[in-house]
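S.K.: Next comes the structure file start21.cif, holding mmCIF, C-alpha atoms and all ligand atoms.
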data_protein
#
loop_
_atom_site.label_atom_id
_atom_site.label_comp_id
_atom_site.auth_asym_id
_atom_site.auth_seq_id
_atom_site.Cartn_x
_atom_site.Cartn_y
_atom_site.Cartn_z
CA MET A 1 0.00 0.00 0.00
CA ALA A 2 1.36 3.41 -0.98
CA ASP A 3 2.73 5.68 1.75
CA LEU A 4 0.48 8.76 1.83
CA THR A 5 2.26 10.62 4.62
CA THR A 6 3.23 14.23 4.04
CA THR A 7 4.42 17.24 5.99
CA TYR A 8 2.59 20.54 5.97
CA MET A 9 3.43 23.63 8.05
CA GLY A 10 5.90 21.49 9.96
CA LEU A 11 3.11 19.08 10.92
CA HIS A 12 3.39 15.40 10.12
CA LEU A 13 0.20 14.28 8.41
CA LYS A 14 -0.82 10.66 7.86
CA ASN A 15 -2.13 11.68 4.43
CA PRO A 16 -2.66 14.98 2.55
CA ILE A 17 -6.44 15.30 3.11
CA ILE A 18 -7.25 18.24 5.37
CA ILE A 19 -10.84 19.22 6.04
CA ALA A 20 -11.16 22.89 5.08
CA SER A 21 -12.70 25.38 7.45
CA CYS A 22 -16.48 24.90 7.23
CA GLY A 23 -19.55 23.85 9.23
CA PHE A 24 -18.24 20.29 9.61
CA THR A 25 -15.24 21.51 11.59
CA ASP A 26 -17.34 23.44 14.07
CA SER A 27 -18.05 20.55 16.45
CA VAL A 28 -15.96 17.89 18.14
CA ALA A 29 -18.47 15.18 17.20
CA GLU A 30 -18.15 15.93 13.48
CA ILE A 31 -14.36 16.22 13.71
CA GLN A 32 -14.26 12.76 15.31
CA LYS A 33 -16.32 11.35 12.43
CA LEU A 34 -13.98 12.99 9.92
CA GLU A 35 -10.99 11.50 11.72
CA GLU A 36 -12.61 8.05 11.62
CA GLN A 37 -12.90 8.35 7.84
CA GLY A 38 -9.19 9.16 7.59
CA ALA A 39 -8.97 12.96 7.61
CA ALA A 40 -5.36 13.89 8.41
CA ALA A 41 -6.13 17.29 9.97
CA VAL A 42 -8.92 19.84 10.21
CA VAL A 43 -9.07 23.59 9.89
CA LEU A 44 -11.67 24.72 12.39
CA LYS A 45 -14.59 26.89 11.31
CA SER A 46 -13.30 30.45 11.27
CA LEU A 47 -13.71 32.92 14.00
CA PHE A 48 -14.85 35.90 11.91
CA GLU A 49 -13.55 39.32 12.79
CA GLU A 50 -16.28 40.73 10.60
CA GLN A 51 -18.97 38.58 12.17
CA ILE A 52 -18.02 39.76 15.63
CA LEU A 53 -18.11 43.38 14.60
CA MET A 54 -21.41 42.94 12.81
CA ASP A 55 -22.97 41.46 15.92
CA VAL A 56 -22.10 44.64 17.69
CA ASP A 57 -23.52 46.65 14.81
CA GLU A 58 -26.83 44.79 15.09
CA GLN A 59 -27.18 46.28 18.53
CA ARG A 60 -26.79 49.67 16.85
CA VAL A 61 -23.79 50.68 18.83
CA ASN A 62 -21.13 50.53 16.18
CA ASN A 63 -20.44 50.03 12.57
CA ILE A 64 -18.27 47.46 11.01
CA TYR A 65 -15.00 49.35 10.80
CA GLY A 66 -15.70 51.97 13.45
CA THR A 67 -13.82 52.54 16.69
CA TYR A 68 -15.39 51.72 20.02
CA ALA A 69 -16.45 54.48 22.38
CA ASP A 70 -16.83 53.94 26.15
CA VAL A 71 -20.27 52.34 26.30
CA GLU A 72 -19.82 50.51 23.07
CA SER A 73 -16.57 48.94 24.14
CA TYR A 74 -18.33 46.98 26.87
CA VAL A 75 -20.67 45.40 24.37
CA SER A 76 -17.92 44.72 21.90
CA PHE A 77 -15.75 43.19 24.59
CA TYR A 78 -18.56 40.98 25.78
CA THR A 79 -19.43 39.84 22.29
CA LYS A 80 -15.83 39.04 21.45
CA LYS A 81 -15.17 37.29 24.73
CA ARG A 82 -18.19 35.05 24.44
CA ARG A 83 -17.27 33.96 20.94
CA LEU A 84 -13.67 33.52 21.80
CA ASP A 85 -14.44 31.39 24.84
CA ASP A 86 -16.55 29.06 22.70
CA TYR A 87 -13.79 28.89 20.18
CA LEU A 88 -11.07 28.15 22.70
CA LYS A 89 -13.28 25.41 24.14
CA LEU A 90 -13.66 23.90 20.67
CA ILE A 91 -9.86 23.86 20.28
CA ARG A 92 -9.29 22.29 23.71
CA GLU A 93 -11.96 19.64 23.30
CA SER A 94 -11.02 18.68 19.76
CA LYS A 95 -7.38 18.35 20.86
CA ALA A 96 -8.41 16.20 23.82
CA GLN A 97 -10.80 13.96 21.90
CA THR A 98 -9.00 13.42 18.60
CA SER A 99 -5.43 12.67 17.64
CA ILE A 100 -5.14 14.69 14.43
CA PRO A 101 -3.66 18.20 14.13
CA ILE A 102 -6.16 20.97 14.81
CA ILE A 103 -5.61 24.16 12.81
CA ALA A 104 -7.48 27.19 14.13
CA SER A 105 -8.79 29.74 11.65
CA ILE A 106 -9.46 33.44 11.77
CA ASN A 107 -11.19 35.29 8.98
CA CYS A 108 -9.83 38.82 9.04
CA VAL A 109 -9.73 42.07 7.14
CA SER A 110 -7.42 44.13 9.34
CA ASP A 111 -4.60 43.83 11.85
CA ALA A 112 -6.42 45.56 14.67
CA GLN A 113 -9.18 43.85 16.60
CA TRP A 114 -8.23 40.26 16.86
CA VAL A 115 -4.47 39.74 16.76
CA GLU A 116 -4.23 39.28 20.54
CA PHE A 117 -6.42 36.16 20.15
CA ALA A 118 -3.60 34.39 18.33
CA GLY A 119 -1.75 33.92 21.62
CA LYS A 120 -4.85 32.52 23.31
CA ILE A 121 -5.40 30.12 20.44
CA GLN A 122 -1.89 28.83 21.01
CA GLU A 123 -2.50 28.48 24.76
CA ALA A 124 -5.65 26.47 24.04
CA GLY A 125 -3.51 23.91 22.22
CA ALA A 126 -4.06 24.50 18.50
CA ASP A 127 -1.31 23.04 16.31
CA ALA A 128 -1.34 25.89 13.80
CA LEU A 129 -3.29 28.96 12.74
CA GLU A 130 -4.77 29.70 9.34
CA LEU A 131 -5.68 33.27 8.48
CA ASN A 132 -8.36 33.66 5.86
CA MET A 133 -7.73 37.17 4.56
CA PHE A 134 -9.75 38.88 1.93
CA ILE A 135 -9.97 42.56 1.26
CA MET A 136 -12.28 43.15 -1.66
CA PRO A 137 -10.39 45.52 -3.99
CA SER A 138 -13.57 47.53 -4.52
CA ASP A 139 -12.51 50.71 -2.71
CA GLU A 140 -11.26 52.97 -5.48
CA THR A 141 -9.14 54.97 -3.07
CA PHE A 142 -6.94 51.94 -2.31
CA THR A 143 -4.08 51.00 -4.61
CA GLY A 144 -3.04 47.39 -5.05
CA GLY A 145 0.13 48.11 -3.07
CA GLN A 146 -1.87 49.49 -0.13
CA ILE A 147 -4.06 46.40 -0.06
CA GLU A 148 -1.03 44.13 -0.19
CA GLN A 149 0.54 46.06 2.69
CA ILE A 150 -2.40 45.10 4.95
CA TYR A 151 -1.44 41.45 4.47
CA PHE A 152 2.14 42.14 5.52
CA ASP A 153 0.97 44.16 8.55
CA VAL A 154 -1.37 41.37 9.66
CA VAL A 155 1.29 38.67 9.36
CA LYS A 156 3.81 40.77 11.28
CA ARG A 157 1.42 41.46 14.14
CA VAL A 158 0.16 37.88 14.35
CA LYS A 159 3.69 36.45 14.28
CA ALA A 160 4.49 38.74 17.21
CA GLN A 161 1.64 37.16 19.21
CA THR A 162 2.27 33.49 18.55
CA SER A 163 4.98 31.00 17.68
CA LEU A 164 2.41 28.73 16.02
CA PRO A 165 2.94 27.97 12.35
CA VAL A 166 0.77 30.40 10.38
CA ALA A 167 -0.89 29.79 7.01
CA LEU A 168 -2.43 32.49 4.86
CA LYS A 169 -5.47 31.55 2.82
CA ILE A 170 -5.54 34.11 0.04
CA SER A 171 -7.66 35.07 -2.94
CA TYR A 172 -6.62 35.39 -6.56
CA PHE A 173 -7.38 39.12 -6.79
CA PHE A 174 -3.77 40.27 -7.09
CA SER A 175 -2.31 41.74 -10.24
CA GLY A 176 1.25 40.65 -9.48
CA MET A 177 0.30 37.29 -8.03
CA ALA A 178 3.65 35.48 -8.26
CA ASN A 179 5.64 38.42 -6.90
CA PHE A 180 3.16 38.98 -4.04
CA ALA A 181 3.01 35.29 -3.11
CA ILE A 182 6.80 35.04 -2.96
CA ARG A 183 7.08 38.19 -0.81
CA LEU A 184 4.38 36.83 1.51
CA SER A 185 6.26 33.54 1.77
CA ASP A 186 9.32 35.48 2.93
CA THR A 187 7.48 36.87 5.98
CA GLY A 188 7.94 33.65 7.96
CA ILE A 189 4.53 32.14 7.25
CA SER A 190 4.53 28.36 6.96
CA ALA A 191 2.02 27.96 4.14
CA LEU A 192 -0.11 29.63 1.52
CA VAL A 193 -3.55 28.16 0.90
CA LEU A 194 -4.69 28.65 -2.71
CA PHE A 195 -7.43 29.93 -2.90
CA ASN A 196 -10.26 31.38 -0.86
CA ARG A 197 -13.65 30.69 -2.36
CA PHE A 198 -16.31 33.37 -2.09
CA PHE A 199 -20.03 33.44 -1.97
CA ASN A 200 -20.75 35.55 -5.02
CA PRO A 201 -23.94 37.53 -5.47
CA ASP A 202 -26.70 36.38 -7.79
CA ILE A 203 -30.16 37.82 -8.45
CA ASP A 204 -33.42 35.96 -7.89
CA LEU A 205 -35.44 37.32 -10.82
CA GLU A 206 -38.76 36.37 -9.22
CA THR A 207 -38.28 38.01 -5.85
CA GLY A 208 -35.89 40.73 -7.03
CA GLN A 209 -33.56 39.83 -4.18
CA ILE A 210 -29.79 39.53 -4.14
CA VAL A 211 -29.00 35.95 -3.19
CA SER A 212 -25.84 33.93 -2.76
CA SER A 213 -24.84 31.92 -5.80
CA HIS A 214 -23.40 28.39 -5.73
CA LEU A 215 -22.78 27.72 -2.07
CA TYR A 216 -20.72 24.66 -2.97
CA SER A 217 -17.90 24.40 -5.46
CA SER A 218 -17.92 22.40 -8.67
CA PRO A 219 -14.92 20.33 -9.84
CA GLU A 220 -14.29 22.76 -12.74
CA GLU A 221 -13.32 25.46 -10.24
CA ASN A 222 -10.14 23.58 -9.44
CA SER A 223 -8.48 24.52 -12.75
CA MET A 224 -7.26 27.92 -11.58
CA VAL A 225 -5.94 26.44 -8.33
CA LEU A 226 -4.05 23.81 -10.33
CA ARG A 227 -2.43 26.45 -12.53
CA TRP A 228 -1.27 28.66 -9.66
CA THR A 229 -0.11 25.76 -7.53
CA GLY A 230 2.01 24.63 -10.46
CA ILE A 231 3.39 28.12 -11.08
CA LEU A 232 4.19 28.93 -7.44
CA SER A 233 5.53 25.55 -6.34
CA GLY A 234 9.26 25.73 -5.80
CA LYS A 235 9.20 29.54 -6.10
CA VAL A 236 7.58 30.37 -2.76
CA HIS A 237 9.53 29.75 0.44
CA CYS A 238 6.72 28.00 2.27
CA ASP A 239 4.36 25.05 1.78
CA LEU A 240 1.35 25.20 -0.50
CA ALA A 241 -2.08 23.74 0.17
CA ALA A 242 -4.69 23.59 -2.59
CA THR A 243 -8.39 24.16 -2.00
CA THR A 244 -11.51 24.68 -4.14
CA GLY A 245 -13.11 22.13 -6.40
CA ILE A 246 -11.24 19.06 -5.13
CA HIS A 247 -14.01 16.46 -5.18
CA ASN A 248 -12.24 13.13 -5.70
CA GLY A 249 -8.93 11.32 -5.34
CA GLN A 250 -7.89 12.04 -8.91
CA SER A 251 -8.28 15.77 -8.39
CA ALA A 252 -6.35 15.58 -5.10
CA ILE A 253 -3.50 13.78 -6.91
CA LYS A 254 -3.39 16.46 -9.64
CA ASN A 255 -2.96 19.24 -7.06
CA LEU A 256 -0.19 17.27 -5.34
CA LEU A 257 1.54 16.69 -8.68
CA MET A 258 1.49 20.46 -9.18
CA GLY A 259 3.26 20.92 -5.85
CA ALA A 260 0.67 21.14 -3.07
CA ARG A 261 1.81 19.33 0.08
CA ALA A 262 -1.80 18.94 1.22
CA VAL A 263 -5.29 19.58 -0.11
CA GLN A 264 -8.29 21.01 1.71
CA ILE A 265 -11.83 19.84 1.00
CA SER A 266 -15.30 20.87 2.11
CA SER A 267 -17.97 21.12 -0.64
CA VAL A 268 -17.69 17.45 -1.56
CA ILE A 269 -18.42 16.53 2.07
CA TYR A 270 -21.58 18.65 2.00
CA LYS A 271 -22.58 16.98 -1.26
CA LYS A 272 -21.67 13.36 -0.50
CA GLY A 273 -21.29 13.04 3.26
CA ILE A 274 -18.35 12.38 5.57
CA PRO A 275 -17.54 8.88 4.15
CA VAL A 276 -16.33 10.56 0.94
CA VAL A 277 -13.07 11.27 2.80
CA GLY A 278 -12.31 7.54 2.91
CA GLN A 279 -13.32 7.16 -0.72
CA ILE A 280 -10.93 9.95 -1.80
CA LEU A 281 -8.09 8.25 0.07
CA ARG A 282 -8.83 4.90 -1.58
CA GLU A 283 -8.87 6.54 -5.01
CA MET A 284 -5.48 8.12 -4.32
CA GLU A 285 -4.00 4.82 -3.13
CA GLU A 286 -5.42 3.00 -6.14
CA TRP A 287 -3.79 5.49 -8.55
CA MET A 288 -0.44 5.41 -6.79
CA ASP A 289 -0.37 1.61 -6.68
CA ARG A 290 -1.38 1.36 -10.33
CA LYS A 291 1.29 3.88 -11.37
CA GLY A 292 3.96 2.31 -9.19
CA TYR A 293 4.50 5.19 -6.75
CA ALA A 294 5.46 3.89 -3.31
CA SER A 295 5.32 7.23 -1.56
CA LEU A 296 3.62 10.60 -1.92
CA ARG A 297 7.07 12.19 -1.73
CA GLU A 298 7.66 10.93 -5.28
CA VAL A 299 4.44 12.57 -6.45
CA ILE A 300 4.47 16.03 -4.84
CA GLY A 301 5.66 18.66 -7.31
CA LEU A 302 6.45 16.15 -10.05
CA MET A 303 4.52 18.25 -12.56
CA SER A 304 5.06 21.72 -11.16
CA GLN A 305 6.01 24.31 -13.73
CA GLN A 306 9.69 24.19 -12.87
CA ASN A 307 9.78 20.41 -13.41
CA LEU A 308 8.03 20.46 -16.78
CA SER A 309 9.91 20.23 -20.04
CA ARG A 310 7.29 22.60 -21.55
CA PRO A 311 6.61 25.05 -18.68
CA MET A 312 4.49 27.33 -20.86
CA MET A 313 1.75 24.67 -20.76
CA VAL A 314 0.92 25.80 -17.23
CA GLU A 315 0.95 29.49 -18.10
CA ARG A 316 -0.62 29.96 -21.52
CA ALA A 317 -4.19 31.00 -20.90
CA GLN A 318 -5.23 31.36 -24.52
CA PHE A 319 -6.57 28.65 -26.73
CA MET A 320 -3.32 27.90 -28.50
CA LYS A 321 -4.05 24.30 -29.40
CA TYR A 322 -7.73 24.75 -30.07
CA PHE A 323 -7.29 27.79 -32.32
CA ALA A 324 -5.20 25.63 -34.58
CA ASP A 325 -7.82 22.88 -34.74
CA VAL A 326 -11.09 24.77 -35.25
C1 LIG A 401 -20.63 26.02 4.12
C2 LIG A 401 -19.21 26.51 4.03
C3 LIG A 401 -18.66 27.23 5.08
C4 LIG A 401 -17.35 27.72 4.99
N1 LIG A 401 -16.83 28.43 6.05
C5 LIG A 401 -15.55 28.86 5.96
C6 LIG A 401 -14.94 29.54 7.05
O1 LIG A 401 -15.54 29.76 8.10
N2 LIG A 401 -13.66 29.96 6.91
C7 LIG A 401 -12.93 29.72 5.76
O2 LIG A 401 -11.74 30.09 5.71
N3 LIG A 401 -13.48 29.07 4.71
C8 LIG A 401 -14.75 28.64 4.79
N4 LIG A 401 -15.28 27.97 3.74
C9 LIG A 401 -14.47 27.76 2.54
C10 LIG A 401 -13.80 26.38 2.59
O3 LIG A 401 -12.90 26.33 3.67
C11 LIG A 401 -13.04 26.09 1.29
O4 LIG A 401 -11.88 26.90 1.20
C12 LIG A 401 -13.86 26.33 0.04
O5 LIG A 401 -15.19 25.89 0.19
C13 LIG A 401 -13.24 25.64 -1.16
O6 LIG A 401 -13.12 24.25 -0.97
P1 LIG A 401 -14.23 23.23 -1.59
O7 LIG A 401 -14.26 23.45 -3.04
O8 LIG A 401 -13.73 21.87 -1.21
O9 LIG A 401 -15.51 23.56 -0.93
C14 LIG A 401 -16.58 27.46 3.82
C15 LIG A 401 -17.14 26.70 2.79
C16 LIG A 401 -18.43 26.23 2.88
C17 LIG A 401 -19.01 25.42 1.74
#
Using structure tokens, write down the structure that the file contains.

M.R.:
Amino acid sequence: MADLTTTYMGLHLKNPIIIASCGFTDSVAEIQKLEEQGAAAVVLKSLFEEQILMDVDEQRVNNIYGTYADVESYVSFYTKKRRLDDYLKLIRESKAQTSIPIIASINCVSDAQWVEFAGKIQEAGADALELNMFIMPSDETFTGGQIEQIYFDVVKRVKAQTSLPVALKISYFFSGMANFAIRLSDTGISALVLFNRFFNPDIDLETGQIVSSHLYSSPEENSMVLRWTGILSGKVHCDLAATTGIHNGQSAIKNLLMGARAVQISSVIYKKGIPVVGQILREMEEWMDRKGYASLREVIGLMSQQNLSRPMMVERAQFMKYFADV
């Protein structure tokens, strides 16, 4: 049987399947079921900086990016503390009742309100911390460089609070993606997670309401992740994890071939149930045995851009072959 072990963020994983931050990683009972099916690690459901601030806003004492005045600060403190206590309890209990690495997650848009929590997350026993950062580049007064700087500020302040390995889960909305990813990897982070997936707006034509489109990913969405994993592998100075659209063992293998050291899955679990984790692992083993790979170490990065004889195949976005044929 093929050896599926890998290392990611300095953690030794029994295989490369990590359960991405989602509703399934919000309870110890579900995490135990995921572990039983073979999950190698979980990223806990995010503690949302935005969610916390919005809760305060609902009580009409603050707005999402505002500063807290005297009376308001009590409410904001209470709201944060309550959520944080629940979160720390989730970390402690999942560490006590499972034997897989537990990666905490914070969804953030600034370096201000939450960075002190990183130290508490470490005290609670988390093995690592993933930061899901997304700043929508919709504010016309912000340049790309200013937005990028927020990422560097956040990493610096979080690294000052904790010695845990830190991963950054980023989006693809960067004009100089390769340059930015390499500079981020030089900040001391342990991994980049490619890519965040967003709930995009859609319109319900009958009700005239804005609704959320496609809650769950489709396999086709993995193509962009594959490309960028292949381009960045070997260039960044940290590990890569791939996420979005990985729905079966074959897709997981492709992302590993491009250079990911681990893959993160969630939509397929919503669609097919927790046992799909075991199925994905069996599909990976079957492919490796059939192809004669004894260990995942032989597979990871084998087809990254720098290892290809025709590296342009990963980069060319136009229909070069198809234009010639049709
Ligand atoms: C219902 C649901 C809840 C999610 N919640 C979070 C979250 O709290 N934090 C986060 O970083 N990502 C969250 N995600 C995104 C997933 O972690 C993952 O990156 C994304 O869904 C792409 O992987 P997939 O194609 O396997 O679903 C969520 C996804 C789903 C479907």

S.K.: Counting only C-alpha atoms and all ligand atoms, what are the residues of chain A within 7 Å of ligand LIG 401 (chain A), and for each of them which pair of atoms is the nearest and at what distance in Å, to one decimal? Sort the table by chain and rising number, as a Markdown table.

M.R.:
| residue | atom | partner | partner_atom | distance |
| --- | --- | --- | --- | --- |
| A:Ala20 | CA | A:LIG401 | O3 | 4.1 |
| A:Ser21 | CA | A:LIG401 | O3 | 3.9 |
| A:Cys22 | CA | A:LIG401 | C4 | 3.7 |
| A:Gly23 | CA | A:LIG401 | C3 | 5.4 |
| A:Lys45 | CA | A:LIG401 | O1 | 4.4 |
| A:Ser46 | CA | A:LIG401 | O1 | 3.9 |
| A:Leu47 | CA | A:LIG401 | O1 | 6.9 |
| A:Ser105 | CA | A:LIG401 | O2 | 6.6 |
| A:Asn107 | CA | A:LIG401 | O2 | 6.2 |
| A:Asn132 | CA | A:LIG401 | O2 | 4.9 |
| A:Phe195 | CA | A:LIG401 | O4 | 6.8 |
| A:Asn196 | CA | A:LIG401 | O4 | 5.2 |
| A:Arg197 | CA | A:LIG401 | C12 | 5.0 |
| A:Leu215 | CA | A:LIG401 | C17 | 5.8 |
| A:Tyr216 | CA | A:LIG401 | C17 | 5.1 |
| A:Ser217 | CA | A:LIG401 | O7 | 4.5 |
| A:Ser218 | CA | A:LIG401 | O7 | 6.8 |
| A:Thr243 | CA | A:LIG401 | O6 | 4.8 |
| A:Thr244 | CA | A:LIG401 | O7 | 3.2 |
| A:Gly245 | CA | A:LIG401 | O7 | 3.8 |
| A:Ile246 | CA | A:LIG401 | O8 | 5.4 |
| A:His247 | CA | A:LIG401 | O8 | 6.7 |
| A:Gln264 | CA | A:LIG401 | O8 | 6.2 |
| A:Ile265 | CA | A:LIG401 | O8 | 3.6 |
| A:Ser266 | CA | A:LIG401 | O8 | 3.8 |
| A:Ser267 | CA | A:LIG401 | O9 | 3.5 |
| A:Val268 | CA | A:LIG401 | O8 | 5.9 |

S.K.: Which residues are close to A:Gly292, i.e. within 12 Å by all atoms listed in the file, leaving aside same-chain residues fewer than 5 positions away? Reply as number ranges by chain.

M.R.: A: 1-3, 285-287, 298-299

S.K.: Given only C-alpha atoms as the basis, pick out the residue of A:Met9, A:Leu226, A:Ala96, A:Ala128 nearest to A:Met313.

M.R.: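 For A:Met313, the nearest of the given residues is A:Leu226.
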
S.K.: One number please: atom CA of A:Ile253 to atom CA of A:Phe173, in Å, one decimal.

M.R.: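 Pair atom CA of A:Ile253 / atom CA of A:Phe173 returns 25.6 Å.
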
S.K.: Please provide the set of residues having any atom within 12 Å of A:Leu34, restricted to all atoms listed in the file, with same-chain residues fewer than 2 positions apart removed, written as an MDAnalysis selection string.

M.R.: chainID A and resid 17:20 24:32 36:43 94 98:100 265:266 269 273:278

S.K.: So how far away is atom CA of A:Val193 from atom CA of A:Gln161, in Å?

M.R.: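 Rounded to one decimal, the two atoms are 21.1 Å apart.
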
S.K.: Between A:Met136, A:Leu13, A:Val155, A:Ala294, which one has atoms that come closest to A:Asn200, using only C-alpha atoms?

M.R.: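 The closest residue to A:Asn200 is A:Met136.
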
S.K.: Do you have the atom CA of A:Ser304-atom CA of A:Lys291 distance handy?

M.R.: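 Going from atom CA of A:Ser304 over to atom CA of A:Lys291 covers 18.2 Å.
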
S.K.: Quick one: of A:Glu116, A:Gly10, A:Lys89, A:Asn15, who's nearest to A:Ser295, counting all atoms listed in the file?

M.R.: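 Looking at the shortest contact to A:Ser295, the residue is A:Asn15.
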
S.K.: Counting all atoms listed in the file, what is within 12 Å of A:Phe134, bar same-chain residues fewer than 5 positions away, as an mmCIF file with C-alpha atoms, in the frame of the given file?

M.R.:
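As a result, out.cif now contains:
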data_model
loop_
_atom_site.group_PDB
_atom_site.id
_atom_site.type_symbol
_atom_site.label_atom_id
_atom_site.label_comp_id
_atom_site.auth_asym_id
_atom_site.auth_seq_id
_atom_site.Cartn_x
_atom_site.Cartn_y
_atom_site.Cartn_z
ATOM 1 C CA PHE A 48 -14.850 35.900 11.910
ATOM 2 C CA GLU A 49 -13.550 39.320 12.790
ATOM 3 C CA GLU A 50 -16.280 40.730 10.600
ATOM 4 C CA ILE A 106 -9.460 33.440 11.770
ATOM 5 C CA ASN A 107 -11.190 35.290 8.980
ATOM 6 C CA CYS A 108 -9.830 38.820 9.040
ATOM 7 C CA VAL A 109 -9.730 42.070 7.140
ATOM 8 C CA SER A 110 -7.420 44.130 9.340
ATOM 9 C CA ILE A 147 -4.060 46.400 -0.060
ATOM 10 C CA GLU A 148 -1.030 44.130 -0.190
ATOM 11 C CA ILE A 150 -2.400 45.100 4.950
ATOM 12 C CA TYR A 151 -1.440 41.450 4.470
ATOM 13 C CA VAL A 154 -1.370 41.370 9.660
ATOM 14 C CA LEU A 168 -2.430 32.490 4.860
ATOM 15 C CA LYS A 169 -5.470 31.550 2.820
ATOM 16 C CA ILE A 170 -5.540 34.110 0.040
ATOM 17 C CA SER A 171 -7.660 35.070 -2.940
ATOM 18 C CA TYR A 172 -6.620 35.390 -6.560
ATOM 19 C CA PHE A 173 -7.380 39.120 -6.790
ATOM 20 C CA PHE A 174 -3.770 40.270 -7.090
ATOM 21 C CA PHE A 195 -7.430 29.930 -2.900
ATOM 22 C CA ASN A 196 -10.260 31.380 -0.860
ATOM 23 C CA ARG A 197 -13.650 30.690 -2.360
ATOM 24 C CA PHE A 198 -16.310 33.370 -2.090
#

S.K.: With all atoms listed in the file as the atoms that count, which of A:Glu206, A:Glu315, A:Asp289, A:Glu140 lies nearest to A:Arg227?

M.R.: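 For A:Arg227, the nearest of the given residues is A:Glu315.
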
S.K.: Near A:Arg92, within 10 Å and counting all atoms listed in the file, which residues show up once chain neighbours fewer than 5 positions away are dropped, as a ChimeraX atom specification?

M.R.: /A:28,86-87,97,102,121,123-126
